[in-house]
>>> print(open('model.csv').read())   # CSV, C-alpha atoms
chain,number,residue,atom,x,y,z
D,1,MET,CA,56.2,-32.4,4.3
D,2,LYS,CA,58.6,-31.3,7.1
D,3,HIS,CA,58.8,-33.5,10.2
D,4,SER,CA,58.9,-30.5,12.5
D,5,PHE,CA,57.2,-27.1,12.6
D,6,GLU,CA,56.9,-24.0,14.8
D,7,GLN,CA,53.3,-23.2,14.2
D,8,LEU,CA,50.1,-24.7,12.7
D,9,ARG,CA,47.7,-21.9,11.8
D,10,LEU,CA,44.0,-22.3,11.1
D,11,ASP,CA,42.8,-19.1,9.3
D,12,SER,CA,39.0,-18.7,9.3
D,13,VAL,CA,38.5,-22.4,8.6
D,14,SER,CA,34.9,-23.2,7.6
D,15,ARG,CA,33.1,-26.4,6.6
D,16,SER,CA,29.5,-26.6,5.3
D,17,PHE,CA,27.4,-29.5,4.1
D,18,THR,CA,24.0,-30.0,2.5
D,19,ASN,CA,21.4,-32.1,4.4
D,20,ALA,CA,18.9,-34.5,3.0
D,21,GLU,CA,16.4,-31.6,2.4
D,22,GLY,CA,19.0,-29.7,0.4
D,23,VAL,CA,19.6,-27.1,3.1
D,24,GLN,CA,23.2,-26.0,3.5
D,25,LEU,CA,24.4,-26.1,7.1
D,26,ALA,CA,27.6,-24.9,8.7
D,27,ALA,CA,29.5,-27.5,10.7
D,28,LEU,CA,32.5,-25.2,11.3
D,29,ARG,CA,32.4,-21.4,11.1
D,30,GLY,CA,35.5,-19.2,10.9
D,31,LEU,CA,37.8,-21.2,13.2
D,32,ASP,CA,41.0,-19.2,13.9
D,33,LEU,CA,43.6,-21.0,16.0
D,34,ASP,CA,47.4,-21.0,16.3
D,35,ILE,CA,49.1,-24.1,17.6
D,36,ARG,CA,52.7,-24.1,18.6
D,37,ARG,CA,55.2,-27.0,18.4
D,38,GLY,CA,55.0,-29.0,21.6
D,39,GLU,CA,51.5,-27.9,22.6
D,40,PHE,CA,48.7,-30.3,23.6
D,41,ILE,CA,45.4,-28.8,22.4
D,42,ALA,CA,42.0,-30.2,23.4
D,43,LEU,CA,39.0,-29.5,21.3
D,44,LEU,CA,36.1,-29.8,23.8
D,45,GLY,CA,32.4,-29.7,23.4
D,46,PRO,CA,29.2,-31.7,23.1
D,47,SER,CA,28.3,-34.0,20.2
D,48,GLY,CA,27.7,-32.0,17.0
D,49,CYS,CA,29.7,-28.9,18.1
D,50,GLY,CA,32.2,-29.2,15.2
D,51,LYS,CA,35.3,-30.5,17.1
D,52,SER,CA,35.6,-33.7,15.0
D,53,THR,CA,34.9,-31.8,11.8
D,54,ALA,CA,37.8,-29.4,12.7
D,55,LEU,CA,40.1,-32.4,13.3
D,56,ASN,CA,39.0,-34.0,10.0
D,57,CYS,CA,39.7,-30.8,8.1
D,58,ILE,CA,43.2,-30.6,9.6
D,59,ALA,CA,43.8,-34.2,8.7
D,60,GLY,CA,42.5,-33.7,5.1
D,61,LEU,CA,39.6,-36.1,5.5
D,62,GLN,CA,37.1,-33.4,4.8
D,63,PRO,CA,37.6,-30.4,2.5
D,64,LEU,CA,37.3,-26.8,3.6
D,65,THR,CA,34.6,-24.6,2.3
D,66,GLY,CA,36.4,-21.5,3.5
D,67,GLY,CA,39.7,-20.3,5.0
D,68,GLY,CA,43.1,-22.1,5.0
D,69,ILE,CA,45.4,-24.2,7.1
D,70,TRP,CA,49.1,-23.4,7.3
D,71,LEU,CA,52.1,-25.3,8.6
D,72,ASP,CA,54.6,-22.6,9.1
D,73,SER,CA,54.8,-21.0,5.5
D,74,ASP,CA,53.3,-24.1,3.8
D,75,ARG,CA,49.6,-24.1,3.0
D,76,ILE,CA,48.5,-27.7,3.6
D,77,ASP,CA,44.7,-27.6,3.1
D,78,VAL,CA,45.3,-28.0,-0.6
D,79,LEU,CA,47.2,-31.3,0.0
D,80,PRO,CA,45.7,-34.8,0.2
D,81,PRO,CA,45.9,-36.5,3.7
D,82,GLU,CA,48.9,-38.7,2.9
D,83,LYS,CA,50.9,-35.6,1.9
D,84,ARG,CA,50.3,-33.8,5.2
D,85,GLY,CA,52.2,-36.5,7.1
D,86,PHE,CA,50.1,-36.3,10.3
D,87,GLY,CA,49.5,-39.2,12.6
D,88,MET,CA,45.9,-40.0,13.5
D,89,VAL,CA,44.4,-42.1,16.4
D,90,PHE,CA,40.7,-43.0,16.0
D,91,GLN,CA,38.0,-43.8,18.5
D,92,ASN,CA,37.7,-47.4,17.4
D,93,TYR,CA,41.4,-48.1,17.1
D,94,ALA,CA,41.1,-49.0,13.3
D,95,LEU,CA,43.7,-51.8,13.6
D,96,PHE,CA,44.0,-54.6,11.0
D,97,PRO,CA,42.7,-57.7,12.8
D,98,HIS,CA,44.7,-60.1,10.6
D,99,MET,CA,48.1,-58.3,11.2
D,100,SER,CA,50.4,-58.7,14.1
D,101,VAL,CA,51.0,-55.8,16.5
D,102,LEU,CA,54.3,-55.2,14.9
D,103,GLU,CA,52.8,-55.3,11.4
D,104,ASN,CA,50.1,-52.9,12.4
D,105,VAL,CA,52.6,-50.4,13.8
D,106,GLY,CA,54.9,-50.6,10.8
D,107,PHE,CA,52.1,-50.4,8.2
D,108,GLY,CA,52.5,-46.6,7.6
D,109,LEU,CA,56.3,-47.0,7.2
D,110,LYS,CA,55.7,-49.8,4.7
D,111,MET,CA,53.4,-47.6,2.7
D,112,ARG,CA,56.1,-44.9,2.7
D,113,GLY,CA,58.6,-47.3,1.2
D,114,VAL,CA,60.8,-47.5,4.3
D,115,PRO,CA,63.2,-50.4,4.1
D,116,LYS,CA,62.0,-53.4,6.1
D,117,ALA,CA,64.9,-53.5,8.5
D,118,GLU,CA,64.5,-49.8,9.3
D,119,ALA,CA,60.7,-50.2,9.6
D,120,VAL,CA,61.0,-53.0,12.1
D,121,LYS,CA,63.5,-51.1,14.1
D,122,ARG,CA,61.3,-48.0,14.3
D,123,ALA,CA,58.2,-50.0,15.0
D,124,LYS,CA,59.9,-51.8,17.9
D,125,ALA,CA,61.0,-48.4,19.2
D,126,ALA,CA,57.4,-47.0,19.0
D,127,LEU,CA,56.1,-50.1,20.9
D,128,GLN,CA,58.7,-49.5,23.6
D,129,LEU,CA,57.6,-45.9,23.9
D,130,VAL,CA,54.0,-47.0,24.5
D,131,GLN,CA,55.2,-49.8,26.9
D,132,LEU,CA,54.2,-52.7,24.7
D,133,SER,CA,57.5,-54.4,24.1
D,134,GLY,CA,57.1,-58.2,23.9
D,135,HIS,CA,53.7,-58.0,22.3
D,136,ASP,CA,55.1,-57.8,18.7
D,137,ALA,CA,53.7,-61.1,17.5
D,138,LYS,CA,50.2,-60.9,19.0
D,139,LEU,CA,47.1,-60.1,17.0
D,140,PRO,CA,44.9,-57.1,18.1
D,141,GLY,CA,42.2,-59.5,19.3
D,142,GLN,CA,44.6,-60.9,21.9
D,143,LEU,CA,45.0,-57.5,23.5
D,144,SER,CA,42.9,-55.5,26.0
D,145,GLY,CA,41.2,-52.3,24.9
D,146,GLY,CA,43.9,-50.2,26.5
D,147,GLN,CA,46.6,-52.2,24.8
D,148,GLN,CA,44.9,-51.9,21.4
D,149,GLN,CA,44.7,-48.1,21.9
D,150,ARG,CA,48.5,-48.1,22.6
D,151,VAL,CA,49.1,-49.9,19.4
D,152,ALA,CA,47.0,-47.3,17.6
D,153,ILE,CA,49.1,-44.6,19.2
D,154,ALA,CA,52.3,-46.3,18.3
D,155,ARG,CA,51.2,-46.6,14.6
D,156,ALA,CA,50.4,-42.9,14.6
D,157,ILE,CA,53.7,-41.8,16.0
D,158,VAL,CA,56.1,-44.2,14.2
D,159,ILE,CA,56.0,-42.2,11.1
D,160,GLU,CA,57.5,-39.3,13.1
D,161,PRO,CA,54.6,-36.9,12.3
D,162,PRO,CA,54.8,-33.1,13.0
D,163,LEU,CA,51.3,-33.4,14.5
D,164,VAL,CA,49.3,-36.2,16.2
D,165,LEU,CA,45.5,-36.0,15.8
D,166,MET,CA,43.4,-37.9,18.3
D,167,ASP,CA,39.6,-38.3,17.9
D,168,GLU,CA,37.9,-39.4,21.2
D,169,PRO,CA,40.5,-42.1,21.6
D,170,LEU,CA,39.5,-43.2,25.1
D,171,SER,CA,35.7,-43.2,24.8
D,172,ASN,CA,35.5,-47.0,24.4
D,173,LEU,CA,37.5,-47.7,27.5
D,174,ASP,CA,36.2,-48.2,31.1
D,175,THR,CA,36.8,-45.5,33.7
D,176,LYS,CA,39.9,-47.0,35.2
D,177,LEU,CA,41.6,-47.5,31.8
D,178,ARG,CA,40.6,-44.0,30.7
D,179,ILE,CA,42.4,-42.5,33.7
D,180,GLU,CA,45.5,-44.6,33.1
D,181,MET,CA,45.6,-43.8,29.4
D,182,ARG,CA,45.3,-40.1,30.0
D,183,ALA,CA,48.6,-40.1,31.9
D,184,GLU,CA,50.1,-42.4,29.2
D,185,ILE,CA,49.1,-40.2,26.3
D,186,ARG,CA,50.4,-37.1,28.1
D,187,ARG,CA,53.7,-38.9,28.8
D,188,ILE,CA,54.1,-40.0,25.2
D,189,HIS,CA,53.3,-36.4,24.1
D,190,GLY,CA,56.1,-35.1,26.3
D,191,LYS,CA,58.6,-37.6,24.9
D,192,LEU,CA,57.7,-36.7,21.3
D,193,GLU,CA,58.0,-32.9,21.7
D,194,ARG,CA,55.6,-32.4,18.9
D,195,ALA,CA,52.0,-31.0,18.8
D,196,THR,CA,48.9,-33.0,19.7
D,197,ILE,CA,45.3,-32.1,18.9
D,198,TYR,CA,42.9,-34.1,21.0
D,199,VAL,CA,39.1,-34.2,20.5
D,200,THR,CA,36.9,-35.0,23.5
D,201,HIS,CA,33.5,-34.3,25.1
D,202,ASP,CA,35.0,-35.2,28.5
D,203,GLN,CA,35.9,-32.1,30.6
D,204,ASP,CA,38.1,-34.2,32.9
D,205,GLU,CA,40.2,-35.4,30.0
D,206,ALA,CA,40.6,-31.9,28.6
D,207,LEU,CA,41.5,-30.4,32.0
D,208,SER,CA,44.0,-33.1,33.0
D,209,MET,CA,45.8,-33.3,29.6
D,210,ALA,CA,45.7,-30.1,27.7
D,211,ASP,CA,48.0,-27.0,27.6
D,212,ARG,CA,45.1,-25.1,26.1
D,213,ILE,CA,41.4,-26.0,25.7
D,214,VAL,CA,39.3,-24.9,22.8
D,215,VAL,CA,35.6,-25.0,23.8
D,216,MET,CA,33.2,-25.2,20.9
D,217,LYS,CA,29.5,-24.8,20.3
D,218,GLU,CA,27.6,-25.2,17.0
D,219,GLY,CA,30.8,-24.9,14.9
D,220,VAL,CA,32.0,-21.7,16.7
D,221,VAL,CA,34.8,-21.4,19.2
D,222,GLN,CA,33.6,-20.0,22.6
D,223,GLN,CA,36.8,-19.8,24.5
D,224,VAL,CA,40.5,-20.7,24.0
D,225,ALA,CA,42.5,-20.7,27.3
D,226,PRO,CA,44.6,-22.8,29.7
D,227,PRO,CA,42.6,-25.4,31.7
D,228,LYS,CA,42.6,-23.4,34.9
D,229,GLU,CA,41.1,-20.4,33.2
D,230,VAL,CA,38.4,-22.4,31.4
D,231,TYR,CA,37.5,-24.1,34.6
D,232,SER,CA,37.5,-21.1,37.0
D,233,ARG,CA,36.6,-18.2,34.6
D,234,PRO,CA,34.3,-19.5,31.8
D,235,LYS,CA,33.9,-16.8,29.2
D,236,ASN,CA,30.2,-17.2,28.8
D,237,LEU,CA,27.2,-19.2,30.1
D,238,HIS,CA,27.6,-22.0,27.5
D,239,VAL,CA,31.2,-22.6,28.6
D,240,ALA,CA,30.2,-22.3,32.3
D,241,ARG,CA,27.4,-24.9,31.9
D,242,PHE,CA,29.7,-27.3,30.0
D,243,MET,CA,32.4,-26.9,32.7
D,244,GLY,CA,30.2,-27.9,35.5
D,245,PHE,CA,28.3,-24.8,36.5
D,246,ARG,CA,25.1,-26.8,36.5
D,247,ASN,CA,23.0,-24.1,38.4
D,248,VAL,CA,22.1,-21.0,36.4
D,249,ALA,CA,19.5,-18.6,37.8
D,250,SER,CA,18.1,-15.2,36.8
D,251,PHE,CA,18.9,-12.3,39.2
D,252,THR,CA,18.8,-8.5,39.2
D,253,LEU,CA,22.0,-6.5,39.3
D,254,GLU,CA,22.0,-4.3,42.3
D,255,GLY,CA,25.4,-2.6,41.9
D,256,THR,CA,29.1,-3.0,42.5
D,257,GLN,CA,30.6,-3.9,45.8
D,258,GLY,CA,34.4,-3.7,46.0
D,259,GLU,CA,35.7,-5.8,43.0
D,260,GLY,CA,32.5,-7.7,42.9
D,261,VAL,CA,28.8,-7.1,42.3
D,262,ALA,CA,25.7,-7.5,44.3
D,263,VAL,CA,22.7,-9.3,42.8
D,264,THR,CA,19.2,-10.0,44.2
D,265,ALA,CA,16.3,-12.4,43.5
D,266,ASN,CA,13.1,-12.9,45.6
D,267,GLY,CA,14.7,-11.5,48.7
D,268,VAL,CA,18.0,-13.3,48.4
D,269,ARG,CA,21.1,-11.1,48.0
D,270,LEU,CA,24.4,-12.6,46.8
D,271,LEU,CA,27.8,-11.1,46.1
D,272,GLY,CA,29.4,-12.4,43.0
D,273,THR,CA,32.2,-12.1,40.5
D,274,PRO,CA,31.4,-10.2,37.3
D,275,MET,CA,32.4,-12.1,34.2
D,276,GLU,CA,31.8,-9.4,31.6
D,277,GLY,CA,30.2,-6.0,31.2
D,278,PHE,CA,26.5,-5.6,31.8
D,279,ASN,CA,24.0,-4.1,29.3
D,280,SER,CA,21.1,-4.2,31.7
D,281,LYS,CA,20.0,-5.1,35.2
D,282,SER,CA,19.0,-8.6,34.1
D,283,VAL,CA,21.9,-11.0,34.9
D,284,SER,CA,22.5,-14.7,35.3
D,285,VAL,CA,24.3,-16.3,38.2
D,286,ALA,CA,26.2,-19.6,37.7
D,287,LEU,CA,27.0,-21.9,40.6
D,288,ARG,CA,28.8,-25.2,40.7
D,289,PRO,CA,27.2,-28.0,42.8
D,290,GLU,CA,30.7,-28.8,44.2
D,291,ASP,CA,31.1,-25.2,45.4
D,292,MET,CA,28.1,-25.3,47.6
D,293,GLU,CA,28.7,-25.6,51.4
D,294,ARG,CA,26.5,-25.7,54.5
D,295,ALA,CA,26.4,-22.4,56.4
D,296,ALA,CA,24.8,-20.8,59.4
D,297,PRO,CA,21.8,-18.5,58.7
D,298,GLY,CA,22.9,-14.9,58.1
D,299,THR,CA,26.3,-15.8,56.7
D,300,GLU,CA,27.5,-13.9,53.7
D,301,ASN,CA,26.0,-15.4,50.5
D,302,ALA,CA,23.9,-17.8,52.5
D,303,PHE,CA,20.4,-18.8,51.4
D,304,ASP,CA,17.7,-21.2,52.6
D,305,ALA,CA,16.7,-24.2,50.7
D,306,GLN,CA,14.6,-27.4,51.0
D,307,VAL,CA,15.9,-30.8,49.9
D,308,GLU,CA,13.8,-32.5,47.2
D,309,THR,CA,15.9,-35.5,46.2
D,310,VAL,CA,19.0,-37.2,47.5
D,311,GLU,CA,21.5,-39.2,45.4
D,312,TYR,CA,24.0,-41.0,47.6
D,313,GLY,CA,27.6,-40.8,46.3
D,314,GLY,CA,29.8,-42.4,48.9
D,315,ARG,CA,31.9,-39.6,50.4
D,316,ASP,CA,29.1,-37.1,49.5
D,317,SER,CA,25.6,-36.7,48.3
D,318,LEU,CA,24.1,-34.9,45.3
D,319,ILE,CA,21.0,-33.2,46.4
D,320,ARG,CA,18.3,-31.3,44.5
D,321,VAL,CA,17.0,-28.4,46.5
D,322,THR,CA,14.3,-25.7,46.0
D,323,SER,CA,15.4,-22.1,46.9
D,324,ALA,CA,13.9,-18.7,46.5
D,325,PHE,CA,15.6,-18.3,43.2
D,326,GLY,CA,14.9,-21.7,41.7
D,327,LYS,CA,15.8,-25.4,41.9
D,328,LEU,CA,19.5,-26.1,42.4
D,329,TRP,CA,22.0,-29.0,42.6
D,330,ALA,CA,24.5,-29.2,45.5
D,331,ARG,CA,27.2,-31.8,46.2
D,332,LEU,CA,27.9,-32.0,49.9
D,333,PRO,CA,29.4,-34.3,52.5
D,334,GLY,CA,27.0,-35.8,55.0
D,335,GLU,CA,23.5,-37.3,54.9
D,336,PHE,CA,20.3,-35.6,53.9
D,337,ALA,CA,16.6,-36.4,54.0
D,338,GLU,CA,14.0,-35.4,51.6
D,339,GLY,CA,12.1,-32.4,52.9
D,340,GLU,CA,14.9,-31.3,55.2
D,341,ARG,CA,15.6,-27.5,55.4
D,342,VAL,CA,19.2,-26.5,54.9
D,343,THR,CA,21.2,-23.2,54.6
D,344,LEU,CA,23.7,-23.2,51.8
D,345,ARG,CA,26.3,-20.7,50.5
D,346,VAL,CA,28.8,-20.3,47.7
D,347,ALA,CA,31.8,-18.0,48.1
D,348,PRO,CA,31.5,-14.7,46.1
D,349,SER,CA,34.6,-15.7,44.1
D,350,ARG,CA,32.8,-18.8,42.9
D,351,THR,CA,29.5,-17.0,42.3
D,352,LEU,CA,29.9,-16.0,38.6
D,353,VAL,CA,27.6,-13.3,37.2
D,354,TYR,CA,27.0,-13.0,33.5
D,355,ASP,CA,25.0,-10.4,31.5
D,356,GLY,CA,21.5,-11.3,30.5
D,357,GLU,CA,18.7,-13.6,31.8
D,358,ALA,CA,19.3,-17.3,32.2
D,359,GLN,CA,18.2,-19.3,29.2
>>> encode(input="model.csv", output="structure tokens")
Amino acid sequence: MKHSFEQLRLDSVSRSFTNAEGVQLAALRGLDLDIRRGEFIALLGPSGCGKSTALNCIAGLQPLTGGGIWLDSDRIDVLPPEKRGFGMVFQNYALFPHMSVLENVGFGLKMRGVPKAEAVKRAKAALQLVQLSGHDAKLPGQLSGGQQQRVAIARAIVIEPPLVLMDEPLSNLDTKLRIEMRAEIRRIHGKLERATIYVTHDQDEALSMADRIVVMKEGVVQQVAPPKEVYSRPKNLHVARFMGFRNVASFTLEGTQGEGVAVTANGVRLLGTPMEGFNSKSVSVALRPEDMERAAPGTENAFDAQVETVEYGGRDSLIRVTSAFGKLWARLPGEFAEGERVTLRVAPSRTLVYDGEAQ
């Protein structure tokens, strides 16, 4: 295969399987996606949403049951994994414990018949790129988790693949290492100037690393957009909930007001931002706990609430409150007491209104 490309195209890619009861289930349904050279794409969603299935289909580890995958003008879903020439980084590193770091990194080159001197040179260059020079002779067991993941990345990129595939590569690391490795992976991606497809269930990882995020649910793509758009303008309630809009309540659509809409529920009137067209007066309002703020009674978009529970978080507290339109979460600075009455508000631009009742 070529070592560079302009576009990877997934054309109605589908993948089904038969469960123990003999029932056929769809793990991936009609995935359409174009990925350009140099892009960093994050496949984001909860467990079982189809993101790892999509990655494995691209890698050739699982066959398609529908659609096709194209690398420029070459159809590649008909090729075995080794003929696709992609680099892959797994969640559990998948390093050979009896081989040195240098041998692990150079393994793919050896399998491709690259002369030993050239393989060593390229393996050392890959280790330098992931900032592991000087660790050549160590065994994987002598390295930290973060260092082992760097070795896995070096092994994936040393073959000079057109595309690097990463399946939850940071999930086994602690919080500090995950944050450090995010920046490291993004730096390496920038150096390579090739495409990366990164599977994660972590919104922060996707937001901080990706050029575009593909949010999935039950094998179906819900939204494809840059991080800022996915974060601030989720396409539907599923995406909103997954991107942190933890509070979803049912309201009645009152009408338009300027560029926004007015909604009401049990005497509370809020101004919000419409996220789509409306087919009825029944709507859902989505609010982020972090967007809540304390307000004076009578302030625009203010509502009264009573504190039920308090979770101390250092600089702020996560409180559970009861309001006229349901129970809500709010993350606010300051101290709170159970039973305390508070007045809260969310700016109209952060009050998202979707068609249909909250589910």
>>> closest_residue(input="model.csv", among="D:His135, D:Lys124, D:Lys191, D:Arg150", to="Ser100 of chain D", atoms="only C-alpha atoms")
D:His135
>>> closest_atom_pairs(input="model.csv", of="segment 46-154 of chain D", to="segment 205-222 of chain D", cutoff="8 Å", atoms="only C-alpha atoms", output="JSON lines")
{"residue": "D:Pro46", "atom": "CA", "partner": "D:Lys217", "partner_atom": "CA", "distance": 7.5}
{"residue": "D:Gly48", "atom": "CA", "partner": "D:Glu218", "partner_atom": "CA", "distance": 6.8}
{"residue": "D:Cys49", "atom": "CA", "partner": "D:Glu218", "partner_atom": "CA", "distance": 4.4}
{"residue": "D:Gly50", "atom": "CA", "partner": "D:Gly219", "partner_atom": "CA", "distance": 4.5}
{"residue": "D:Lys51", "atom": "CA", "partner": "D:Met216", "partner_atom": "CA", "distance": 6.9}
>>> atom_distance(input="model.csv", atom1="atom CA of Leu44 of chain D", atom2="atom CA of Phe242 of chain D")
9.3 Å
>>> residues_around(input="model.csv", residues="Ser250 of chain D", least_positions_apart="2", cutoff="8 Å", atoms="only C-alpha atoms", output="list in words")
Val248, Thr252, Ala265, Ser282, Val283, Ser284, Val285, Phe325, Glu357 and Ala358 of chain D
>>> closest_residue(input="model.csv", among="D:Met88, D:Ile69, D:Ala117, D:Leu271", to="Met166 of chain D", atoms="all atoms listed in the file")
D:Met88
>>> residues_around(input="model.csv", residues="segment 286-295 of chain D", least_positions_apart="5", cutoff="6 Å", atoms="all atoms listed in the file", output="short mmCIF file (atom, residue, chain, number, x, y, z; two decimals) with C-alpha atoms, keeping the file's coordinate frame")
data_model
loop_
_atom_site.label_atom_id
_atom_site.label_comp_id
_atom_site.auth_asym_id
_atom_site.auth_seq_id
_atom_site.Cartn_x
_atom_site.Cartn_y
_atom_site.Cartn_z
CA PHE D 245 28.30 -24.80 36.50
CA ARG D 246 25.10 -26.80 36.50
CA ASN D 247 23.00 -24.10 38.40
CA VAL D 248 22.10 -21.00 36.40
CA TRP D 329 22.00 -29.00 42.60
CA ALA D 330 24.50 -29.20 45.50
CA ARG D 331 27.20 -31.80 46.20
CA THR D 343 21.20 -23.20 54.60
CA LEU D 344 23.70 -23.20 51.80
CA ARG D 345 26.30 -20.70 50.50
CA VAL D 346 28.80 -20.30 47.70
CA THR D 351 29.50 -17.00 42.30
CA LEU D 352 29.90 -16.00 38.60
#
>>> residues_near_point(input="model.csv", point="(49.4, -55.3, 24.1)", cutoff="12 Å", atoms="only C-alpha atoms", output="ChimeraX atom specification")
/D:100-102,104-105,127-128,130-154
>>> residues_around(input="model.csv", residues="Gly267 of chain D", least_positions_apart="3", cutoff="10 Å", atoms="only C-alpha atoms", output="count of residues only")
5
>>> residues_around(input="model.csv", residues="Gly38 of chain D", least_positions_apart="4", cutoff="7 Å", atoms="only C-alpha atoms", output="ChimeraX atom specification")
/D:193-195
>>> closest_residue(input="model.csv", among="D:Lys110, D:Lys281, D:His201, D:Arg269", to="Met243 of chain D", atoms="all atoms listed in the file")
D:His201
>>> atom_distance(input="model.csv", atom1="atom CA of Glu184 of chain D", atom2="atom CA of Val230 of chain D")
23.3 Å
>>> atom_distance(input="model.csv", atom1="atom CA of Asp11 of chain D", atom2="atom CA of Phe90 of chain D")
24.9 Å
>>> residues_around(input="model.csv", residues="Leu192 of chain D", least_positions_apart="3", cutoff="12 Å", atoms="all atoms listed in the file", output="list in words")
His3, Ser4, Arg37, Gly38, Glu39, Phe40, Ala126, Leu129, Val130, Ile153, Ala154, Ala156, Ile157, Val158, Ile159, Glu160, Pro161, Pro162, Leu163, Val164, Ile185, Arg186, Arg187, Ile188, His189, Ala195 and Thr196 of chain D
>>> closest_residue(input="model.csv", among="D:Val310, D:Phe251, D:Val89, D:Val342", to="Ile197 of chain D", atoms="all atoms listed in the file")
D:Val89
>>> closest_residue(input="model.csv", among="D:Arg320, D:Lys235, D:Arg155, D:Arg84", to="Gly60 of chain D", atoms="all atoms listed in the file")
D:Arg84
>>> closest_residue(input="model.csv", among="D:Val261, D:Leu328, D:Gln7, D:Gly45", to="Asp204 of chain D", atoms="all atoms listed in the file")
D:Gly45
>>> decode(input="model.csv", residues="segment 102-113 of chain D", atoms="N, CA and C atoms", output="PDB file, in the first residue's frame")
ATOM      1  N   LEU D 102      13.936  -1.841  21.951  1.00  0.00           N
ATOM      2  CA  LEU D 102      14.340  -1.680  20.558  1.00  0.00           C
ATOM      3  C   LEU D 102      13.803  -2.811  19.691  1.00  0.00           C
ATOM      4  N   GLU D 103      13.832  -4.037  20.208  1.00  0.00           N
ATOM      5  CA  GLU D 103      13.322  -5.182  19.450  1.00  0.00           C
ATOM      6  C   GLU D 103      11.815  -5.091  19.256  1.00  0.00           C
ATOM      7  N   ASN D 104      11.101  -4.613  20.290  1.00  0.00           N
ATOM      8  CA  ASN D 104       9.656  -4.430  20.169  1.00  0.00           C
ATOM      9  C   ASN D 104       9.320  -3.425  19.079  1.00  0.00           C
ATOM     10  N   VAL D 105      10.023  -2.308  19.103  1.00  0.00           N
ATOM     11  CA  VAL D 105       9.747  -1.252  18.129  1.00  0.00           C
ATOM     12  C   VAL D 105      10.077  -1.719  16.713  1.00  0.00           C
ATOM     13  N   GLY D 106      11.163  -2.477  16.572  1.00  0.00           N
ATOM     14  CA  GLY D 106      11.594  -2.912  15.247  1.00  0.00           C
ATOM     15  C   GLY D 106      10.923  -4.160  14.733  1.00  0.00           C
ATOM     16  N   PHE D 107      10.005  -4.752  15.514  1.00  0.00           N
ATOM     17  CA  PHE D 107       9.407  -6.027  15.133  1.00  0.00           C
ATOM     18  C   PHE D 107       8.666  -5.944  13.790  1.00  0.00           C
ATOM     19  N   GLY D 108       7.876  -4.878  13.616  1.00  0.00           N
ATOM     20  CA  GLY D 108       7.126  -4.741  12.365  1.00  0.00           C
ATOM     21  C   GLY D 108       8.029  -4.598  11.157  1.00  0.00           C
ATOM     22  N   LEU D 109       9.167  -3.919  11.351  1.00  0.00           N
ATOM     23  CA  LEU D 109      10.131  -3.769  10.258  1.00  0.00           C
ATOM     24  C   LEU D 109      10.757  -5.116   9.908  1.00  0.00           C
ATOM     25  N   LYS D 110      11.066  -5.899  10.951  1.00  0.00           N
ATOM     26  CA  LYS D 110      11.643  -7.228  10.739  1.00  0.00           C
ATOM     27  C   LYS D 110      10.689  -8.107   9.948  1.00  0.00           C
ATOM     28  N   MET D 111       9.405  -8.055  10.288  1.00  0.00           N
ATOM     29  CA  MET D 111       8.401  -8.853   9.587  1.00  0.00           C
ATOM     30  C   MET D 111       8.252  -8.422   8.129  1.00  0.00           C
ATOM     31  N   ARG D 112       8.596  -7.173   7.853  1.00  0.00           N
ATOM     32  CA  ARG D 112       8.501  -6.661   6.483  1.00  0.00           C
ATOM     33  C   ARG D 112       9.793  -6.862   5.698  1.00  0.00           C
ATOM     34  N   GLY D 113      10.763  -7.507   6.315  1.00  0.00           N
ATOM     35  CA  GLY D 113      11.998  -7.819   5.629  1.00  0.00           C
ATOM     36  C   GLY D 113      12.952  -6.652   5.463  1.00  0.00           C
TER      37      GLY D 113
END
